[in-house]
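Chemist: Structure file protein.pdb (PDB, C-alpha atoms) right here:
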ATOM      1  CA  MET A 472     -11.898   0.558  -9.308  1.00  0.00           C
ATOM      2  CA  ALA A 473     -13.932   3.507  -8.053  1.00  0.00           C
ATOM      3  CA  GLY A 474     -17.634   2.974  -8.577  1.00  0.00           C
ATOM      4  CA  ARG A 475     -17.314  -0.802  -9.030  1.00  0.00           C
ATOM      5  CA  VAL A 476     -18.415  -3.268  -6.421  1.00  0.00           C
ATOM      6  CA  GLY A 477     -17.188  -6.848  -6.369  1.00  0.00           C
ATOM      7  CA  LEU A 478     -14.993  -8.737  -8.751  1.00  0.00           C
ATOM      8  CA  ARG A 479     -15.490  -8.765 -12.495  1.00  0.00           C
ATOM      9  CA  ALA A 480     -12.342 -10.564 -13.612  1.00  0.00           C
ATOM     10  CA  VAL A 481      -9.862 -12.696 -11.678  1.00  0.00           C
ATOM     11  CA  VAL A 482      -6.548 -14.192 -12.760  1.00  0.00           C
ATOM     12  CA  LEU A 483      -5.709 -17.470 -11.020  1.00  0.00           C
ATOM     13  CA  ALA A 484      -2.073 -18.523 -11.426  1.00  0.00           C
ATOM     14  CA  VAL A 485      -1.538 -22.291 -11.082  1.00  0.00           C
ATOM     15  CA  ASP A 486       1.540 -24.480 -11.126  1.00  0.00           C
ATOM     16  CA  GLY A 487       0.222 -27.827  -9.894  1.00  0.00           C
ATOM     17  CA  SER A 488       1.600 -27.410  -6.359  1.00  0.00           C
ATOM     18  CA  PRO A 489      -0.533 -28.095  -3.264  1.00  0.00           C
ATOM     19  CA  HIS A 490      -0.639 -24.345  -2.499  1.00  0.00           C
ATOM     20  CA  SER A 491      -1.778 -23.684  -6.059  1.00  0.00           C
ATOM     21  CA  ARG A 492      -4.604 -26.223  -5.690  1.00  0.00           C
ATOM     22  CA  ARG A 493      -5.665 -24.554  -2.425  1.00  0.00           C
ATOM     23  CA  ALA A 494      -5.643 -21.173  -4.179  1.00  0.00           C
ATOM     24  CA  ALA A 495      -7.912 -22.578  -6.920  1.00  0.00           C
ATOM     25  CA  ALA A 496     -10.298 -24.033  -4.326  1.00  0.00           C
ATOM     26  CA  PHE A 497     -10.385 -20.727  -2.458  1.00  0.00           C
ATOM     27  CA  ALA A 498     -11.020 -18.724  -5.629  1.00  0.00           C
ATOM     28  CA  ALA A 499     -13.868 -21.087  -6.544  1.00  0.00           C
ATOM     29  CA  ARG A 500     -15.635 -20.038  -3.337  1.00  0.00           C
ATOM     30  CA  LEU A 501     -15.608 -16.333  -4.261  1.00  0.00           C
ATOM     31  CA  ALA A 502     -19.085 -15.058  -5.132  1.00  0.00           C
ATOM     32  CA  PRO A 503     -19.215 -14.652  -8.917  1.00  0.00           C
ATOM     33  CA  PRO A 504     -20.843 -11.573 -10.435  1.00  0.00           C
ATOM     34  CA  ALA A 505     -22.991 -11.872 -13.538  1.00  0.00           C
ATOM     35  CA  GLY A 506     -20.556 -12.576 -16.350  1.00  0.00           C
ATOM     36  CA  GLY A 507     -17.559 -12.931 -13.996  1.00  0.00           C
ATOM     37  CA  LEU A 508     -14.479 -14.429 -15.649  1.00  0.00           C
ATOM     38  CA  VAL A 509     -11.582 -16.361 -14.140  1.00  0.00           C
ATOM     39  CA  THR A 510      -8.511 -16.684 -16.326  1.00  0.00           C
ATOM     40  CA  VAL A 511      -6.491 -19.681 -15.140  1.00  0.00           C
ATOM     41  CA  VAL A 512      -2.856 -19.129 -16.091  1.00  0.00           C
ATOM     42  CA  SER A 513      -0.023 -21.644 -16.095  1.00  0.00           C
ATOM     43  CA  VAL A 514       3.467 -20.570 -17.091  1.00  0.00           C
ATOM     44  CA  VAL A 515       6.050 -22.985 -18.465  1.00  0.00           C
ATOM     45  CA  GLU A 516       9.628 -21.811 -18.241  1.00  0.00           C
ATOM     46  CA  PRO A 517      11.591 -22.619 -21.401  1.00  0.00           C
ATOM     47  CA  VAL A 518      14.064 -25.491 -21.021  1.00  0.00           C
ATOM     48  CA  ARG A 519      17.577 -24.257 -21.660  1.00  0.00           C
ATOM     49  CA  PRO A 520      20.220 -26.954 -21.854  1.00  0.00           C
ATOM     50  CA  PRO A 521      23.532 -26.058 -20.240  1.00  0.00           C
ATOM     51  CA  SER A 522      26.448 -24.881 -22.333  1.00  0.00           C
ATOM     52  CA  MET A 523      27.496 -27.821 -24.456  1.00  0.00           C
ATOM     53  CA  ALA A 524      30.339 -26.406 -26.529  1.00  0.00           C
ATOM     54  CA  LEU A 525      32.743 -29.190 -25.545  1.00  0.00           C
ATOM     55  CA  LEU A 526      30.340 -32.067 -26.247  1.00  0.00           C
ATOM     56  CA  PRO A 527      30.343 -33.959 -29.551  1.00  0.00           C
ATOM     57  CA  ALA A 528      27.690 -32.832 -32.023  1.00  0.00           C
ATOM     58  CA  SER A 529      25.784 -36.143 -31.770  1.00  0.00           C
ATOM     59  CA  ILE A 530      25.373 -35.759 -28.007  1.00  0.00           C
ATOM     60  CA  ARG A 531      24.477 -32.068 -28.327  1.00  0.00           C
ATOM     61  CA  GLY A 532      21.763 -32.997 -30.812  1.00  0.00           C
ATOM     62  CA  ARG A 533      20.306 -35.598 -28.455  1.00  0.00           C
ATOM     63  CA  LEU A 534      20.316 -33.215 -25.499  1.00  0.00           C
ATOM     64  CA  VAL A 535      18.683 -30.420 -27.487  1.00  0.00           C
ATOM     65  CA  GLY A 536      16.065 -32.885 -28.758  1.00  0.00           C
ATOM     66  CA  ALA A 537      15.383 -34.145 -25.226  1.00  0.00           C
ATOM     67  CA  ALA A 538      15.031 -30.585 -23.941  1.00  0.00           C
ATOM     68  CA  ALA A 539      12.602 -29.734 -26.752  1.00  0.00           C
ATOM     69  CA  GLU A 540      10.571 -32.878 -26.014  1.00  0.00           C
ATOM     70  CA  LEU A 541      10.443 -31.986 -22.321  1.00  0.00           C
ATOM     71  CA  GLU A 542       9.219 -28.497 -23.116  1.00  0.00           C
ATOM     72  CA  ARG A 543       6.526 -29.860 -25.481  1.00  0.00           C
ATOM     73  CA  ALA A 544       5.365 -32.286 -22.802  1.00  0.00           C
ATOM     74  CA  ARG A 545       5.175 -29.514 -20.214  1.00  0.00           C
ATOM     75  CA  LEU A 546       3.183 -27.304 -22.571  1.00  0.00           C
ATOM     76  CA  ASN A 547       0.788 -30.123 -23.438  1.00  0.00           C
ATOM     77  CA  ALA A 548       0.231 -31.171 -19.832  1.00  0.00           C
ATOM     78  CA  GLY A 549      -2.979 -29.331 -19.073  1.00  0.00           C
ATOM     79  CA  ALA A 550      -3.608 -31.108 -15.771  1.00  0.00           C
ATOM     80  CA  ALA A 551      -2.838 -28.071 -13.611  1.00  0.00           C
ATOM     81  CA  LEU A 552      -5.057 -25.890 -15.796  1.00  0.00           C
ATOM     82  CA  ASP A 553      -7.907 -28.385 -15.742  1.00  0.00           C
ATOM     83  CA  ARG A 554      -7.735 -28.635 -11.951  1.00  0.00           C
ATOM     84  CA  GLY A 555      -7.707 -24.857 -11.691  1.00  0.00           C
ATOM     85  CA  ARG A 556     -10.452 -24.280 -14.257  1.00  0.00           C
ATOM     86  CA  ARG A 557     -12.861 -27.081 -13.356  1.00  0.00           C
ATOM     87  CA  PRO A 558     -14.255 -25.616 -10.085  1.00  0.00           C
ATOM     88  CA  HIS A 559     -15.010 -22.336 -11.869  1.00  0.00           C
ATOM     89  CA  ASP A 560     -16.905 -23.591 -14.898  1.00  0.00           C
ATOM     90  CA  GLY A 561     -20.376 -24.210 -13.561  1.00  0.00           C
ATOM     91  CA  GLU A 562     -23.947 -23.072 -13.946  1.00  0.00           C
ATOM     92  CA  GLY A 563     -24.397 -19.624 -12.471  1.00  0.00           C
ATOM     93  CA  GLY A 564     -20.742 -19.523 -11.427  1.00  0.00           C
ATOM     94  CA  TRP A 565     -17.613 -18.047 -12.834  1.00  0.00           C
ATOM     95  CA  ARG A 566     -16.878 -18.435 -16.521  1.00  0.00           C
ATOM     96  CA  ALA A 567     -13.378 -19.804 -16.901  1.00  0.00           C
ATOM     97  CA  GLN A 568     -10.728 -19.754 -19.578  1.00  0.00           C
ATOM     98  CA  ALA A 569      -7.295 -21.353 -19.562  1.00  0.00           C
ATOM     99  CA  SER A 570      -4.047 -19.845 -20.746  1.00  0.00           C
ATOM    100  CA  VAL A 571      -0.697 -21.657 -21.016  1.00  0.00           C
ATOM    101  CA  ARG A 572       2.220 -19.295 -21.464  1.00  0.00           C
ATOM    102  CA  THR A 573       5.944 -19.730 -21.965  1.00  0.00           C
ATOM    103  CA  GLY A 574       8.371 -17.419 -20.246  1.00  0.00           C
ATOM    104  CA  VAL A 575       9.327 -16.022 -16.858  1.00  0.00           C
ATOM    105  CA  PRO A 576       6.454 -16.866 -14.472  1.00  0.00           C
ATOM    106  CA  LEU A 577       6.080 -13.502 -12.717  1.00  0.00           C
ATOM    107  CA  ALA A 578       6.287 -11.466 -15.913  1.00  0.00           C
ATOM    108  CA  GLU A 579       3.760 -13.699 -17.700  1.00  0.00           C
ATOM    109  CA  ILE A 580       1.343 -13.686 -14.761  1.00  0.00           C
ATOM    110  CA  LEU A 581       1.466  -9.887 -14.551  1.00  0.00           C
ATOM    111  CA  ARG A 582       0.948  -9.695 -18.327  1.00  0.00           C
ATOM    112  CA  ALA A 583      -2.119 -11.944 -17.975  1.00  0.00           C
ATOM    113  CA  VAL A 584      -3.510  -9.644 -15.255  1.00  0.00           C
ATOM    114  CA  LYS A 585      -3.127  -6.648 -17.546  1.00  0.00           C
ATOM    115  CA  GLU A 586      -4.609  -8.421 -20.595  1.00  0.00           C
ATOM    116  CA  ALA A 587      -7.616  -9.688 -18.610  1.00  0.00           C
ATOM    117  CA  ARG A 588      -8.109  -6.279 -16.980  1.00  0.00           C
ATOM    118  CA  ALA A 589      -8.361  -8.286 -13.784  1.00  0.00           C
ATOM    119  CA  ASP A 590      -9.591  -6.949 -10.460  1.00  0.00           C
ATOM    120  CA  LEU A 591      -7.721  -9.594  -8.447  1.00  0.00           C
ATOM    121  CA  LEU A 592      -4.762 -11.943  -8.778  1.00  0.00           C
ATOM    122  CA  VAL A 593      -4.953 -15.230  -6.846  1.00  0.00           C
ATOM    123  CA  LEU A 594      -1.961 -17.534  -6.479  1.00  0.00           C
ATOM    124  CA  GLY A 595      -0.488 -20.059  -4.112  1.00  0.00           C
ATOM    125  CA  ALA A 596       2.581 -19.578  -1.966  1.00  0.00           C
ATOM    126  CA  ARG A 597       5.071 -22.313  -2.703  1.00  0.00           C
ATOM    127  CA  GLY A 598       6.676 -21.965   0.689  1.00  0.00           C
ATOM    128  CA  THR A 599      10.206 -21.464  -0.586  1.00  0.00           C
ATOM    129  CA  GLY A 600      12.368 -20.125   2.194  1.00  0.00           C
ATOM    130  CA  GLY A 601      15.938 -19.431   3.152  1.00  0.00           C
ATOM    131  CA  LEU A 602      18.636 -19.533   0.502  1.00  0.00           C
ATOM    132  CA  ALA A 603      16.338 -20.900  -2.227  1.00  0.00           C
ATOM    133  CA  ARG A 604      14.112 -17.863  -1.861  1.00  0.00           C
ATOM    134  CA  VAL A 605      17.082 -15.491  -2.040  1.00  0.00           C
ATOM    135  CA  LEU A 606      18.524 -17.222  -5.120  1.00  0.00           C
ATOM    136  CA  LEU A 607      15.296 -17.977  -6.975  1.00  0.00           C
ATOM    137  CA  GLY A 608      13.067 -15.156  -5.769  1.00  0.00           C
ATOM    138  CA  SER A 609       9.412 -15.662  -5.066  1.00  0.00           C
ATOM    139  CA  VAL A 610       6.623 -15.250  -7.571  1.00  0.00           C
ATOM    140  CA  ALA A 611       4.212 -14.448  -4.727  1.00  0.00           C
ATOM    141  CA  ASP A 612       6.534 -11.784  -3.292  1.00  0.00           C
ATOM    142  CA  GLY A 613       7.077 -10.291  -6.719  1.00  0.00           C
ATOM    143  CA  ALA A 614       3.340 -10.234  -7.379  1.00  0.00           C
ATOM    144  CA  LEU A 615       2.713  -8.493  -4.064  1.00  0.00           C
ATOM    145  CA  ARG A 616       5.305  -5.852  -4.938  1.00  0.00           C
ATOM    146  CA  LEU A 617       4.573  -5.347  -8.640  1.00  0.00           C
ATOM    147  CA  ALA A 618       0.932  -6.175  -9.361  1.00  0.00           C
ATOM    148  CA  THR A 619      -1.369  -3.263 -10.126  1.00  0.00           C
ATOM    149  CA  VAL A 620      -4.348  -5.081  -8.578  1.00  0.00           C
ATOM    150  CA  PRO A 621      -4.925  -6.662  -5.160  1.00  0.00           C
ATOM    151  CA  VAL A 622      -3.119  -9.992  -4.732  1.00  0.00           C
ATOM    152  CA  LEU A 623      -4.458 -12.912  -2.714  1.00  0.00           C
ATOM    153  CA  VAL A 624      -1.736 -15.404  -1.747  1.00  0.00           C
ATOM    154  CA  VAL A 625      -3.085 -18.718  -0.455  1.00  0.00           C
ATOM    155  CA  LYS A 626      -0.869 -20.927   1.663  1.00  0.00           C
TER     156      LYS A 626
END
Go through the file and emit its structure as C-alpha cells.

Modeler:
Amino acid sequence: MAGRVGLRAVVLAVDGSPHSRRAAAFAARLAPPAGGLVTVVSVVEPVRPPSMALLPASIRGRLVGAAAELERARLNAGAALDRGRRPHDGEGGWRAQASVRTGVPLAEILRAVKEARADLLVLGARGTGGLARVLLGSVADGALRLATVPVLVVK
C-alpha cells in the first residue's frame, strides 16, 4: 500500500443481518476514488442433510431434494446483495459488482478480498457471543486475524 492514498477497491461482505446492512450503509459513505470498486459478497453455505443411512430410500430422496431446493433458493435470493450494492452504484460514486459464492463464509470472503486486490474489507458483526461464538466461531474475528488488508467491522 506504500505510495497509494485512499481506497481503490473494497470488499463488502453481506449476509442480510442488521449489522450487515449497517456495514453497507457505512461503506456507502466512504469517499470513492475515481474508478473505485466495491465488490459486494454474499456466501451461501451448502446445505448438508444429516446422516440418513437408516431412513427408507423414498424419504432420503425427498430430504435430499428439499435440501437441494433450499440451496437453490438461497443462491437465487439476491436481496442481501441488492441491498448491499444499491447504495454504491451511483453517479460519481463507487462502481459496484455482486458476487454470490458457495462455501465456508470466512474462506470465501478472504478469497474475494484476494481476487479483488482489495484495500479494505467491510463486514458486520453479528453479535454472536458466549457458547455460540466458541462453537461456531466468528467470521468477523477470523477476518480480523487472517485478512491481509485492514478490516472494518460495523456493529

Chemist: Return the single residue from A:Ala596, A:Leu577, A:Leu591, A:Ile530 that is closest to Pro489 in chain A, with distances computed using all atoms listed in the file.

Modeler: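 Ranked by minimum distance to Pro489 in chain A, first place goes to A:Ala596.
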
Chemist: Which one of A:Val584, A:Val571, A:Val625, A:Val514 sits closest to Ala480 in chain A if you count only C-alpha atoms?

Modeler: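 Using only C-alpha atoms, the shortest distance to Ala480 in chain A belongs to A:Val584.
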
Chemist: Report, in Å with one decimal, the straight-line distance from CA of Pro576 in chain A to CA of Ser513 in chain A.

Modeler: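 For CA of Pro576 in chain A relative to CA of Ser513 in chain A, the distance reads 8.2 Å.
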
Chemist: Could you work out how far CA of Gly613 in chain A lies from CA of Gln568 in chain A, giving the answer in Å with one decimal?

Modeler: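 Rounded to one decimal, the two atoms are 23.9 Å apart.
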
Chemist: With all atoms listed in the file as the basis for distance, which of A:Arg597, A:Val485, A:Ser491, A:Gly477 is at the shortest distance from Arg572 in chain A?

Modeler: A:Val485

Chemist: Out of A:Leu594, A:Ala505, A:Ala569, A:Val515, which residue has the shortest atom-to-atom distance to Lys626 in chain A when counting all atoms listed in the file?

Modeler: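 Closest to Lys626 in chain A of all the choices is A:Leu594.
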
Chemist: Which distance in Å separates CA of Ala589 in chain A and CA of Ala495 in chain A, to one decimal?

Modeler: 15.9 Å

Chemist: Go through the shown structure with the PyMOL selection byres ((chain A and resi 498) around 9) and write out the matching residues as number ranges by chain.

Modeler: A: 481, 483, 493-497, 499-502, 509, 558-559, 593

Chemist: Could you turn the residues from that selection into a file that holds C-alpha atoms, as a PDB file, keeping the file's coordinate frame?

Modeler:
ATOM      1  CA  VAL A 481      -9.862 -12.696 -11.678  1.00  0.00           C
ATOM      2  CA  LEU A 483      -5.709 -17.470 -11.020  1.00  0.00           C
ATOM      3  CA  ARG A 493      -5.665 -24.554  -2.425  1.00  0.00           C
ATOM      4  CA  ALA A 494      -5.643 -21.173  -4.179  1.00  0.00           C
ATOM      5  CA  ALA A 495      -7.912 -22.578  -6.920  1.00  0.00           C
ATOM      6  CA  ALA A 496     -10.298 -24.033  -4.326  1.00  0.00           C
ATOM      7  CA  PHE A 497     -10.385 -20.727  -2.458  1.00  0.00           C
ATOM      8  CA  ALA A 499     -13.868 -21.087  -6.544  1.00  0.00           C
ATOM      9  CA  ARG A 500     -15.635 -20.038  -3.337  1.00  0.00           C
ATOM     10  CA  LEU A 501     -15.608 -16.333  -4.261  1.00  0.00           C
ATOM     11  CA  ALA A 502     -19.085 -15.058  -5.132  1.00  0.00           C
ATOM     12  CA  VAL A 509     -11.582 -16.361 -14.140  1.00  0.00           C
ATOM     13  CA  PRO A 558     -14.255 -25.616 -10.085  1.00  0.00           C
ATOM     14  CA  HIS A 559     -15.010 -22.336 -11.869  1.00  0.00           C
ATOM     15  CA  VAL A 593      -4.953 -15.230  -6.846  1.00  0.00           C
TER      16      VAL A 593
END

Chemist: Give me, as a list of chain:residue names, all polymer residues having an atom no more than 9 Å from Ala618 in chain A, counting only C-alpha atoms and skipping those fewer than 3 positions away in the same chain.

Modeler: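 Skipping anything fewer than 3 positions along the chain leaves A:Leu581, A:Val584, A:Leu592, A:Gly613, A:Ala614, A:Leu615, A:Pro621, A:Val622.
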
Chemist: When distances are computed from only C-alpha atoms, which of A:Arg479, A:Gly564, A:Glu586, A:Ala484 shows the smallest separation from Leu623 in chain A?

Modeler: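 Of A:Arg479, A:Gly564, A:Glu586, A:Ala484, the one nearest Leu623 in chain A is A:Ala484, counting only C-alpha atoms.
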
Chemist: Give the answer as one residue: which of A:Ala583, A:Leu617, A:Leu534, A:Ala611 has the shortest atom-to-atom distance to His490 in chain A, using all atoms listed in the file?

Modeler: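 Once distances to His490 in chain A are computed over all atoms listed in the file, the minimum belongs to A:Ala611.
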
Chemist: Give me range 502-513 of chain A with all heavy atoms filled in, as a PDB file, keeping the file's coordinate frame.

Modeler:
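What landed in result_14.pdb:
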ATOM      1  N   ALA A 502     -17.763 -15.267  -4.522  1.00  0.00           N
ATOM      2  CA  ALA A 502     -19.085 -15.058  -5.132  1.00  0.00           C
ATOM      3  C   ALA A 502     -18.912 -14.445  -6.521  1.00  0.00           C
ATOM      4  O   ALA A 502     -18.357 -13.360  -6.657  1.00  0.00           O
ATOM      5  CB  ALA A 502     -19.920 -14.144  -4.254  1.00  0.00           C
ATOM      6  N   PRO A 503     -19.394 -15.162  -7.551  1.00  0.00           N
ATOM      7  CA  PRO A 503     -19.215 -14.652  -8.917  1.00  0.00           C
ATOM      8  C   PRO A 503     -20.278 -13.611  -9.270  1.00  0.00           C
ATOM      9  O   PRO A 503     -21.456 -13.780  -8.960  1.00  0.00           O
ATOM     10  CB  PRO A 503     -19.402 -15.900  -9.782  1.00  0.00           C
ATOM     11  CG  PRO A 503     -20.310 -16.776  -8.981  1.00  0.00           C
ATOM     12  CD  PRO A 503     -19.998 -16.486  -7.531  1.00  0.00           C
ATOM     13  N   PRO A 504     -19.866 -12.529  -9.918  1.00  0.00           N
ATOM     14  CA  PRO A 504     -20.843 -11.573 -10.435  1.00  0.00           C
ATOM     15  C   PRO A 504     -21.407 -12.108 -11.753  1.00  0.00           C
ATOM     16  O   PRO A 504     -20.863 -13.053 -12.320  1.00  0.00           O
ATOM     17  CB  PRO A 504     -19.999 -10.323 -10.683  1.00  0.00           C
ATOM     18  CG  PRO A 504     -18.660 -10.878 -11.038  1.00  0.00           C
ATOM     19  CD  PRO A 504     -18.496 -12.121 -10.196  1.00  0.00           C
ATOM     20  N   ALA A 505     -22.457 -11.492 -12.227  1.00  0.00           N
ATOM     21  CA  ALA A 505     -22.991 -11.872 -13.538  1.00  0.00           C
ATOM     22  C   ALA A 505     -21.898 -11.649 -14.573  1.00  0.00           C
ATOM     23  O   ALA A 505     -21.312 -10.572 -14.653  1.00  0.00           O
ATOM     24  CB  ALA A 505     -24.210 -11.029 -13.870  1.00  0.00           C
ATOM     25  N   GLY A 506     -21.570 -12.687 -15.308  1.00  0.00           N
ATOM     26  CA  GLY A 506     -20.556 -12.576 -16.350  1.00  0.00           C
ATOM     27  C   GLY A 506     -19.126 -12.570 -15.835  1.00  0.00           C
ATOM     28  O   GLY A 506     -18.212 -12.256 -16.586  1.00  0.00           O
ATOM     29  N   GLY A 507     -18.908 -12.926 -14.561  1.00  0.00           N
ATOM     30  CA  GLY A 507     -17.559 -12.931 -13.996  1.00  0.00           C
ATOM     31  C   GLY A 507     -16.660 -13.936 -14.700  1.00  0.00           C
ATOM     32  O   GLY A 507     -17.095 -15.031 -15.059  1.00  0.00           O
ATOM     33  N   LEU A 508     -15.407 -13.579 -14.906  1.00  0.00           N
ATOM     34  CA  LEU A 508     -14.479 -14.429 -15.649  1.00  0.00           C
ATOM     35  C   LEU A 508     -13.225 -14.700 -14.832  1.00  0.00           C
ATOM     36  O   LEU A 508     -12.623 -13.777 -14.290  1.00  0.00           O
ATOM     37  CB  LEU A 508     -14.075 -13.747 -16.970  1.00  0.00           C
ATOM     38  CG  LEU A 508     -13.030 -14.472 -17.820  1.00  0.00           C
ATOM     39  CD1 LEU A 508     -13.581 -15.797 -18.348  1.00  0.00           C
ATOM     40  CD2 LEU A 508     -12.577 -13.585 -18.963  1.00  0.00           C
ATOM     41  N   VAL A 509     -12.855 -15.967 -14.740  1.00  0.00           N
ATOM     42  CA  VAL A 509     -11.582 -16.361 -14.140  1.00  0.00           C
ATOM     43  C   VAL A 509     -10.683 -16.829 -15.273  1.00  0.00           C
ATOM     44  O   VAL A 509     -11.054 -17.710 -16.052  1.00  0.00           O
ATOM     45  CB  VAL A 509     -11.751 -17.514 -13.122  1.00  0.00           C
ATOM     46  CG1 VAL A 509     -10.396 -18.019 -12.652  1.00  0.00           C
ATOM     47  CG2 VAL A 509     -12.575 -17.065 -11.941  1.00  0.00           C
ATOM     48  N   THR A 510      -9.510 -16.231 -15.368  1.00  0.00           N
ATOM     49  CA  THR A 510      -8.511 -16.684 -16.326  1.00  0.00           C
ATOM     50  C   THR A 510      -7.487 -17.488 -15.543  1.00  0.00           C
ATOM     51  O   THR A 510      -6.807 -16.951 -14.669  1.00  0.00           O
ATOM     52  CB  THR A 510      -7.830 -15.497 -17.033  1.00  0.00           C
ATOM     53  OG1 THR A 510      -8.833 -14.714 -17.684  1.00  0.00           O
ATOM     54  CG2 THR A 510      -6.805 -15.980 -18.045  1.00  0.00           C
ATOM     55  N   VAL A 511      -7.418 -18.789 -15.827  1.00  0.00           N
ATOM     56  CA  VAL A 511      -6.491 -19.681 -15.140  1.00  0.00           C
ATOM     57  C   VAL A 511      -5.213 -19.736 -15.972  1.00  0.00           C
ATOM     58  O   VAL A 511      -5.240 -20.149 -17.121  1.00  0.00           O
ATOM     59  CB  VAL A 511      -7.096 -21.089 -14.964  1.00  0.00           C
ATOM     60  CG1 VAL A 511      -6.140 -21.980 -14.182  1.00  0.00           C
ATOM     61  CG2 VAL A 511      -8.455 -21.009 -14.265  1.00  0.00           C
ATOM     62  N   VAL A 512      -4.111 -19.275 -15.370  1.00  0.00           N
ATOM     63  CA  VAL A 512      -2.856 -19.129 -16.091  1.00  0.00           C
ATOM     64  C   VAL A 512      -1.819 -20.098 -15.540  1.00  0.00           C
ATOM     65  O   VAL A 512      -1.632 -20.204 -14.331  1.00  0.00           O
ATOM     66  CB  VAL A 512      -2.312 -17.681 -15.957  1.00  0.00           C
ATOM     67  CG1 VAL A 512      -0.964 -17.544 -16.629  1.00  0.00           C
ATOM     68  CG2 VAL A 512      -3.304 -16.692 -16.516  1.00  0.00           C
ATOM     69  N   SER A 513      -1.158 -20.799 -16.441  1.00  0.00           N
ATOM     70  CA  SER A 513      -0.023 -21.644 -16.095  1.00  0.00           C
ATOM     71  C   SER A 513       1.144 -21.209 -16.969  1.00  0.00           C
ATOM     72  O   SER A 513       0.974 -21.020 -18.173  1.00  0.00           O
ATOM     73  CB  SER A 513      -0.351 -23.113 -16.345  1.00  0.00           C
ATOM     74  OG  SER A 513       0.738 -23.926 -15.988  1.00  0.00           O
TER      75      SER A 513
END
